[in-house]
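Trainee: Please see the structure below; I have some questions.
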Amino acid sequence: MRRRLRPVLLGLAGVVVFLALWQLAATVGWVNGKYVPPPTEVFASLGRMMLDLHYWRTIGNTLTTWAIGLVIAGVAALALGTVIGLIPFLRRYTRSTVEFLRPIPSVAIIPLAILMFGYDREASLVIVVFATFWQIFIQVLYGVADVDPVARDTQRSFGLSARSRFVHLVLPTALPYIMTGIRLGATVALILTVTGELLIQVDGIGRLLTQRGTAADYAGVYALVVSAGLLALVINTLVRIIERRVLAWHESVRAEVVL
Amino acid sequence: MSAPAVTRRLLPASATRRLPRWLDGLLEAVGLPLVLLVLWALSALVAPNRYFPAPWRIAEAFVKTWVGESFFVDVLPSIGRLLVGLALAIVIGIAVGLLIGSVRWLRQFVEPVFEFFRAVPPPMLVPLLAITLGIGDTAKIAVIVAGAVWPILLNTVEGVRAVDAVQRETATSYQLSTVQRVVYLTLPSAAPQIMAGIRQSLSIAIILMVISEMTNSSSGLGLRITFFQQNFQIPEMWSGIVLLGFIGIALALLFQIAERLVLGWYRGLKETERA
Amino acid sequence: MPDQNPSPTAMLRVEGLQKSYGDFVALQNISFTAKQGELVCIVGPSGAGKTTLLKCIAGLLAPSGGIVELDGEAITGPPKKMAVVFQEYGRSLMPWMTVRRNVELPLLRTTPKAERRHLVDTVLESVGLSAAGDKYPWQLSGGMQQRVAIARAVAYSPEVLIMDEPFASVDAQTRADLEDLVRYIWKKFGVTVLFVTHDIDESVYLGQRVIVLSMTPTIVQEDLTIDLPEDRDQLNTRALPRFTELRTHVYEQIQRAKRDSERRPDAESPAA
């Protein structure tokens with residue numbers, strides 16, 4: 001029991017020491033207290049915000065963009081990834097195009113998105129979907145291609161239909177990859193959602209941050225950065241829980257595939 | 001998808017088709033991009049759309065906009081900041097990660113705080129650091145470092161933790177010095193995780209470079225592209241998108257080369273294990 | 001080898017060695033010595049704490065009591081004069097280094113480049129791996145990988161070579177080859193070898209002496225001199241009546257060790 005407790009206590013101590021140092025730095029004046037307000041002020045500001053419905057609506061807006069983007073990207077990536085991954089001809093002929101398009105930074109297409117959709121959520125979704133799609137798509141592609149050839153031949157020799165091969169062979173093999181893709185995609189989608197809020201002025205936590213900054217409410221700025229971090233932590237934890245549930249049958253927590 | 005899939009696994013690719021191997025490979029590589037380009041050109045001719053100018057107009061704008069003085073004023077400084085920021089993030093991430101990964105109590109002590117820093121969506125740091133550090137080169141580089149360092153750092157910690165126990169004992173019983181241990185055991189053993197961290201950091205770094213240039217800047221790629229968009233200079237804007245795309249692709253290629261150099265052994269090992 | 005013990009001094013002396021983890025006593029009381037240039041096999045039933053004993057001797061694990069002395073000096077950490085060949089050959093070699101670099105690794109600090117090169121060549125040749133120097137360990141078979149680990153240990157020029165069940169996971173034919181390799185290396189380099197195994201035939205075939213361990217809590221059950229002729233080979237030595245007698249004797253000792261442990265009420269189930 002004590003062994004289990006030790007890392008938790010040490011970690012807590014780490015958080016406390018970090019906050020104490022920050023407080024000290026801001027009050028003693030190692031850093032400019034105006035631009036780097038102490039944690040007491042930041043958390044007071046965060047507390048005040050949390051009492052305001054506006055804060056929660058803003059976070060809700062961020063989550064909405066994030067969720068819509070993730071779902072669109074996920075569905076598209078699953079559909080295209082499965083088809084392309086299962087058909088060797090397509091896999092070979094799309095490869096160079098994928099390798100060419102994938103590293104294009106999604107922020108590059110922000111101006112185009114703004115031109116097409118205006119300063120609106122749709123524009124933001126373009127970059128969220130573009131960035132998230134590749135994360136999931138690549139994993140699906142690898143997952144579908146990872147089917148053990150011996151198992152594939154065995155199933156075919158038993159005369160199973162294409163459909164049942166897909167359900168009983170391809171899907172179980174690809175599922176861990178798909179979940180990894182979704183987990184990575186969830187993080188990327190949040191990053192691009194915030195980017196959209198900063199650059200396309202879509203309502204959400206990023207835009208609120210810009211507004212607080214312009215209003216010289218620096219404690220508020222820090223409070224929102226903390227909020228965004230906490231939000232990301234919550235999302236990560238949820239996705240991991242879902243991943244573990246979905247893969248409960250799977251032999252182990254698979255090591256990350258280095259792609 | 002059925003029969004050919006199996007035979008192709010057993011036979012070299014060229015054996016199943018009639019085309020010579022090099023031509024086949026070439027077709028695979030440029031076939032689809034060419035088709036897409038032609039479709040784009042045709043659609044520009046048949047049904048011109050003001051948001052999607054023809055490829056040659058973009059190429060023309062590209063040369064006009066980026067070749068020449070602008071390359072040195074806008075492009076090079078952006079790429080320079082990107083590379084300096086990335087290099088710093090890599091060095092700091094690996095160095096600190098090595099230290100933290102090797103000392104257990106230290107890792108347990110800092111891990112929650114660092115996990116939080118990693119979780120913060122990096123774009124949020126742009127306005128934050130603009131407040132504290134202003135809008136100069138230092139701030140722009142600092143943003144890149146602050147956003148890109150976490151995946152590298154935390155992946156290094158993971159990699160250091162995962163060093164094999166027998167290999168560690170081997171190093172101990174042969175009395176390797178601390179430096180030798182790091183160079184010949186810890187770093188190469190953690191390299192796969194470190195490289196995976198760097199890969200994540202690459203895209204974060206580019207995003208941060210563009211955001212900090214689009215929001216508060218007097219020069220740079222991001223600013224120019226935003227300017228073109230706001231003034232409806234569509235081909236010029238596209239040429240900027242293409243340029244950013246090239247930078248992303250170049251960085252990815254560079255990374256692939258580095259990965260092949262650093263992780264050649266790892267790929268071989270994995271392939272042997274799978275066989 | 002008529003004169004294999006020119007100096008009768010103990011190269012390795014283990015006296016009253018104890019190791020316990022909390023309440024669990026792994027090694028109760030181990031005492032033996034190995035003379036300079038001797039080849040001693042340690043054999044015991046699985047769960048006899050063989051690996052624990054080895055790690056204590058190699059300075060990788062601190063004993064709870066007793067003395068381990070190498071050439072008259074007490075061991076507190078991994079000693080310079082000792083090299084270990086682990087059972088898990090696949091894990092003790094660095095997969096990111098070629099065979100040559102692996103063998104060279106322990107010498108980087110101590111030996112100048114030219115000399116190192118020569119030494120590595122010599123050693124690789126003596127284990128039959130001259131052609132494999134530029135390959136990676138994972139490109140080799142299990143037996144070859146273990147040869148690399150042996151080469152690395154030998155290149156380190158230790159006084160004492162410790163081998164922890166080195167051939168437990170290779171096939172029978174390879175194993176026979178590797179056993180002969182150990183005898184060859186031992187004679188060629190005049191090194192003191194401590195060879196741990198659970199294989200009775202192997203211990204009798206290889207050793208000048210066989211030390212039989214009991215079950216945990218482990219003690220030395222018997223210290224047996226193997227009076228087989230010095231020139232051994234797989235076919236003839238194993239066919240000798242004396243070989244059969246010796247292996248039967250060791251076998252009985254080990255069976256007795258197992259029975260004794262079952263009778264002891266406080267005996268723990270064998271720990272990994």
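Ordering of the structure tokens sets the chain letters (A, B, ...); residue numbers start at 1 within each chain; ligands are numbered from 1 in the order shown.
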Contacts of stretch 165-176 of chain B at 9 Å or less, counting only C-alpha atoms, minus same-chain residues fewer than 2 places along, as a short mmCIF file (atom, residue, chain, number, x, y, z; two decimals) with N, CA and C atoms, in the first residue's frame?
Mentor:
data_model
loop_
_atom_site.label_atom_id
_atom_site.label_comp_id
_atom_site.auth_asym_id
_atom_site.auth_seq_id
_atom_site.Cartn_x
_atom_site.Cartn_y
_atom_site.Cartn_z
N ALA B 162 12.15 2.42 -19.87
CA ALA B 162 11.94 1.11 -20.47
C ALA B 162 13.24 0.40 -20.83
N VAL B 163 14.40 0.96 -20.46
CA VAL B 163 15.66 0.29 -20.79
C VAL B 163 15.68 -1.09 -20.14
N THR B 178 29.49 6.59 -16.67
CA THR B 178 28.16 7.21 -16.80
C THR B 178 27.92 7.70 -18.23
N VAL B 179 28.94 8.37 -18.78
CA VAL B 179 28.79 8.91 -20.13
C VAL B 179 28.60 7.77 -21.13
N GLN B 180 29.41 6.72 -20.99
CA GLN B 180 29.28 5.58 -21.91
C GLN B 180 27.91 4.94 -21.80
N ARG B 181 27.43 4.84 -20.59
CA ARG B 181 26.10 4.27 -20.36
C ARG B 181 25.04 5.04 -21.13
N LEU B 185 23.95 2.97 -24.19
CA LEU B 185 22.82 2.18 -23.74
C LEU B 185 21.52 3.00 -23.70
N THR B 186 21.50 4.02 -22.84
CA THR B 186 20.23 4.71 -22.60
C THR B 186 19.69 5.39 -23.85
N ALA C 58 28.67 -11.73 -8.64
CA ALA C 58 29.06 -10.76 -9.67
C ALA C 58 28.99 -9.33 -9.17
N GLY C 59 28.56 -9.15 -7.92
CA GLY C 59 28.49 -7.79 -7.38
C GLY C 59 27.30 -7.01 -7.90
N LEU C 60 26.31 -7.70 -8.47
CA LEU C 60 25.12 -7.01 -8.97
C LEU C 60 24.03 -6.95 -7.89
N GLY C 77 31.10 -4.19 -5.39
CA GLY C 77 30.35 -3.84 -6.62
C GLY C 77 30.86 -4.75 -7.70
N PRO C 78 30.41 -4.54 -8.95
CA PRO C 78 30.91 -5.37 -10.04
C PRO C 78 32.42 -5.22 -10.17
N PRO C 79 33.19 -6.30 -9.97
CA PRO C 79 34.65 -6.19 -10.00
C PRO C 79 35.17 -6.17 -11.43
N LYS C 80 36.28 -5.50 -11.59
CA LYS C 80 36.90 -5.38 -12.90
C LYS C 80 37.33 -6.73 -13.47
N MET C 82 35.96 -9.55 -13.51
CA MET C 82 34.91 -10.53 -13.68
C MET C 82 34.03 -10.17 -14.88
N ALA C 83 33.59 -11.16 -15.62
CA ALA C 83 32.65 -10.90 -16.70
C ALA C 83 31.51 -11.90 -16.60
N VAL C 84 30.32 -11.44 -16.94
CA VAL C 84 29.14 -12.29 -16.81
C VAL C 84 28.53 -12.55 -18.19
N VAL C 85 28.16 -13.79 -18.44
CA VAL C 85 27.38 -14.12 -19.63
C VAL C 85 25.99 -14.51 -19.14
N PHE C 86 25.00 -13.74 -19.53
CA PHE C 86 23.65 -13.96 -19.03
C PHE C 86 22.91 -14.99 -19.85
N GLU C 88 19.83 -14.64 -20.92
CA GLU C 88 19.01 -14.00 -21.96
C GLU C 88 19.94 -13.33 -22.96
N ARG C 91 18.78 -10.32 -24.84
CA ARG C 91 18.58 -9.06 -24.14
C ARG C 91 19.88 -8.47 -23.63
N SER C 92 20.94 -9.26 -23.55
CA SER C 92 22.17 -8.69 -23.00
C SER C 92 23.01 -8.05 -24.09
N LEU C 93 22.73 -8.38 -25.35
CA LEU C 93 23.43 -7.71 -26.45
C LEU C 93 22.64 -6.46 -26.82
N MET C 94 23.37 -5.43 -27.26
CA MET C 94 22.70 -4.20 -27.63
C MET C 94 22.28 -4.29 -29.10
N LEU C 105 32.46 -2.95 -26.77
CA LEU C 105 31.88 -2.01 -25.80
C LEU C 105 32.60 -1.95 -24.45
N PRO C 106 32.88 -3.08 -23.81
CA PRO C 106 33.52 -2.98 -22.49
C PRO C 106 34.97 -2.51 -22.57
N LEU C 107 35.53 -2.49 -23.78
CA LEU C 107 36.95 -2.15 -23.92
C LEU C 107 37.16 -0.68 -24.24
N LEU C 108 36.07 0.03 -24.53
CA LEU C 108 36.20 1.39 -25.04
C LEU C 108 37.00 2.28 -24.11
N ARG C 109 36.83 2.05 -22.81
CA ARG C 109 37.49 2.93 -21.86
C ARG C 109 38.93 2.50 -21.61
N ALA C 153 32.58 -11.28 -23.32
CA ALA C 153 33.09 -11.55 -21.98
C ALA C 153 34.58 -11.88 -22.04
N TYR C 156 36.97 -8.96 -22.65
CA TYR C 156 37.12 -8.15 -21.44
C TYR C 156 38.31 -8.63 -20.60
#
Trainee: Using DSSP on the backbone coordinates, identify the residues of stretch 58-257 of chain B assigned to alpha helix (DSSP H); present them as a ChimeraX atom specification.
Mentor: /B:58-66,69-70,76-102,104-119,125-133,137-161,165-173,178-180,187-215,221-230,234-257
Trainee: Quick one: residues within 10 Å of A:Gln211, only C-alpha atoms, excluding same-chain residues fewer than 6 positions away - as a list in words?
Mentor: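 My reading of the contact set: Leu198, Ile205, Asp217, Gly220 and Val221 of chain A.
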Trainee: Can you pull out every residue within 9 Å of C:Tyr21, counting only C-alpha atoms, but drop anything in the same chain fewer than 4 positions away, and send it as a list in words?
Mentor: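 Neighbouring residues, sequence-local ones excluded: Val25, Ala26 and Ser64 of chain C.
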Trainee: What's around stretch 242-251 of chain B at 6 Å? Count only C-alpha atoms, leave out sequence neighbours fewer than 2 positions away in its own chain, and write the answer as a count of residues only.
Mentor: 7
Trainee: Give the answer as one residue: which of A:Arg245, A:Arg48, A:Arg95, A:Arg240 has the shortest atom-to-atom distance to chain B, using only C-alpha atoms?
Mentor: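 Of all the options, A:Arg95 lies closest to chain B.
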Trainee: Report as a ChimeraX atom specification all protein, DNA and RNA residues lying within 8 Å of A:Leu70, evaluated on only C-alpha atoms, omitting residues in the same chain fewer than 5 positions from it.
Mentor: /A:128-129,132,185-186,189
Trainee: Identify, on the basis of only C-alpha atoms, every residue whose closest approach to B:Trp40 does not exceed 10 Å; exclude the query and any residue fewer than 3 positions from it along the same chain; express the result as a list in words.
Mentor: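 Selected residues are Leu34, Val35, Leu36, Leu37, Ser43, Ala44, Leu45, Val46, Phe52, Pro53, Ala54 and Pro55 of chain B.
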Trainee: Go ahead and write the selection's residues with all heavy atoms as a CSV table (one decimal), in the first residue's frame.
Mentor:
chain,number,residue,atom,x,y,z
B,34,LEU,N,-0.7,13.2,-60.7
B,34,LEU,CA,-0.8,13.8,-62.0
B,34,LEU,C,-2.3,13.9,-62.4
B,34,LEU,O,-2.8,14.9,-62.9
B,34,LEU,CB,-0.1,12.9,-63.1
B,34,LEU,CG,1.3,13.3,-63.4
B,34,LEU,CD1,1.9,12.3,-64.4
B,34,LEU,CD2,1.3,14.7,-63.9
B,35,VAL,N,-3.1,12.8,-62.1
B,35,VAL,CA,-4.5,12.8,-62.4
B,35,VAL,C,-5.2,14.0,-61.7
B,35,VAL,O,-6.0,14.7,-62.3
B,35,VAL,CB,-5.1,11.5,-62.0
B,35,VAL,CG1,-6.7,11.6,-62.1
B,35,VAL,CG2,-4.6,10.3,-62.9
B,36,LEU,N,-4.8,14.1,-60.4
B,36,LEU,CA,-5.5,15.2,-59.6
B,36,LEU,C,-5.1,16.6,-60.2
B,36,LEU,O,-6.0,17.4,-60.4
B,36,LEU,CB,-5.0,15.1,-58.2
B,36,LEU,CG,-5.5,13.9,-57.4
B,36,LEU,CD1,-5.0,13.9,-56.0
B,36,LEU,CD2,-7.1,14.0,-57.3
B,37,LEU,N,-3.9,16.7,-60.6
B,37,LEU,CA,-3.4,18.0,-61.2
B,37,LEU,C,-4.2,18.3,-62.5
B,37,LEU,O,-4.6,19.4,-62.7
B,37,LEU,CB,-1.9,17.9,-61.4
B,37,LEU,CG,-1.1,19.2,-61.2
B,37,LEU,CD1,-1.3,19.8,-59.8
B,37,LEU,CD2,0.3,19.0,-61.5
B,43,SER,N,-10.8,21.7,-64.5
B,43,SER,CA,-11.9,22.4,-63.9
B,43,SER,C,-11.7,23.9,-63.9
B,43,SER,O,-12.6,24.6,-64.0
B,43,SER,CB,-12.1,21.8,-62.4
B,43,SER,OG,-11.2,22.5,-61.6
B,44,ALA,N,-10.4,24.3,-63.8
B,44,ALA,CA,-10.1,25.7,-63.8
B,44,ALA,C,-10.4,26.3,-65.2
B,44,ALA,O,-10.8,27.4,-65.4
B,44,ALA,CB,-8.7,26.0,-63.5
B,45,LEU,N,-10.2,25.4,-66.3
B,45,LEU,CA,-10.5,25.9,-67.6
B,45,LEU,C,-12.0,25.9,-67.9
B,45,LEU,O,-12.6,26.8,-68.5
B,45,LEU,CB,-9.8,25.0,-68.6
B,45,LEU,CG,-8.3,25.2,-68.8
B,45,LEU,CD1,-7.7,24.1,-69.7
B,45,LEU,CD2,-8.0,26.6,-69.3
B,46,VAL,N,-12.7,24.8,-67.5
B,46,VAL,CA,-14.1,24.6,-67.8
B,46,VAL,C,-15.0,25.5,-67.0
B,46,VAL,O,-15.8,26.2,-67.4
B,46,VAL,CB,-14.5,23.1,-67.7
B,46,VAL,CG1,-16.0,23.0,-67.9
B,46,VAL,CG2,-13.7,22.3,-68.6
B,52,PHE,N,-10.4,28.9,-56.3
B,52,PHE,CA,-9.5,27.9,-56.8
B,52,PHE,C,-8.9,28.2,-58.1
B,52,PHE,O,-9.3,27.7,-59.1
B,52,PHE,CB,-10.2,26.5,-56.8
B,52,PHE,CG,-10.7,26.0,-55.5
B,52,PHE,CD1,-11.9,26.4,-55.0
B,52,PHE,CD2,-9.8,25.2,-54.7
B,52,PHE,CE1,-12.3,25.9,-53.7
B,52,PHE,CE2,-10.2,24.8,-53.5
B,52,PHE,CZ,-11.5,25.1,-53.0
B,53,PRO,N,-7.9,29.1,-58.1
B,53,PRO,CA,-7.3,29.5,-59.4
B,53,PRO,C,-6.5,28.3,-60.0
B,53,PRO,O,-6.2,27.3,-59.3
B,53,PRO,CB,-6.3,30.6,-59.0
B,53,PRO,CG,-6.0,30.4,-57.5
B,53,PRO,CD,-7.2,29.7,-57.0
B,54,ALA,N,-6.3,28.4,-61.3
B,54,ALA,CA,-5.6,27.3,-62.0
B,54,ALA,C,-4.2,27.1,-61.5
B,54,ALA,O,-3.6,28.1,-61.0
B,54,ALA,CB,-5.6,27.6,-63.5
B,55,PRO,N,-3.7,25.9,-61.6
B,55,PRO,CA,-2.3,25.6,-61.1
B,55,PRO,C,-1.2,26.5,-61.6
B,55,PRO,O,-0.4,27.0,-60.8
B,55,PRO,CB,-2.1,24.2,-61.5
B,55,PRO,CG,-3.3,23.6,-62.0
B,55,PRO,CD,-4.3,24.7,-62.1
Trainee: Which residue out of B:Val149, B:Ile204, B:Phe109, B:Tyr266 has the minimum interatomic distance to chain A when only C-alpha atoms are used?
Mentor: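 Of the candidates, the smallest distance to chain A is held by B:Phe109.
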Trainee: Would you please work out which residue, of B:Gly220, B:Gly147, B:Pro77, B:Pro122, is nearest to chain A when using only C-alpha atoms?
Mentor: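 Checking each candidate against chain A, we get B:Pro122 as the closest.
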Trainee: In terms of the shortest atom-to-atom distance over only C-alpha atoms, which of C:Val120, C:Val204, C:Ile254, C:Val160 is closest to C:Thr192?
Mentor: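 Selected residue with least distance to C:Thr192: C:Val160.
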Trainee: What does the distance from atom CA of C:Ala34 to atom CA of C:Tyr89 come to in Å, to one decimal?
Mentor: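 Between these atoms lies a distance of 25.3 Å.
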Trainee: Which is closer to chain A than all the others in B:Ser218, B:Thr156, B:Thr132, B:Ser177, using only C-alpha atoms?
Mentor: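 Using only C-alpha atoms, the shortest distance to chain A belongs to B:Thr132.
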Trainee: With distances taken over only C-alpha atoms, which of B:Val183, B:Ala59, B:Leu98, B:Leu208 is nearest to B:Gly159?
Mentor: B:Leu98
Trainee: One number please: atom CA of B:Ser78 to atom CA of B:Pro127, in Å, one decimal.
Mentor: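 Those two atoms sit 18.3 Å apart.
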Trainee: One decimal, Å: what's the distance from atom CA of C:Asp164 over to atom CA of C:Thr52, could you say?
Mentor: 10.1 Å
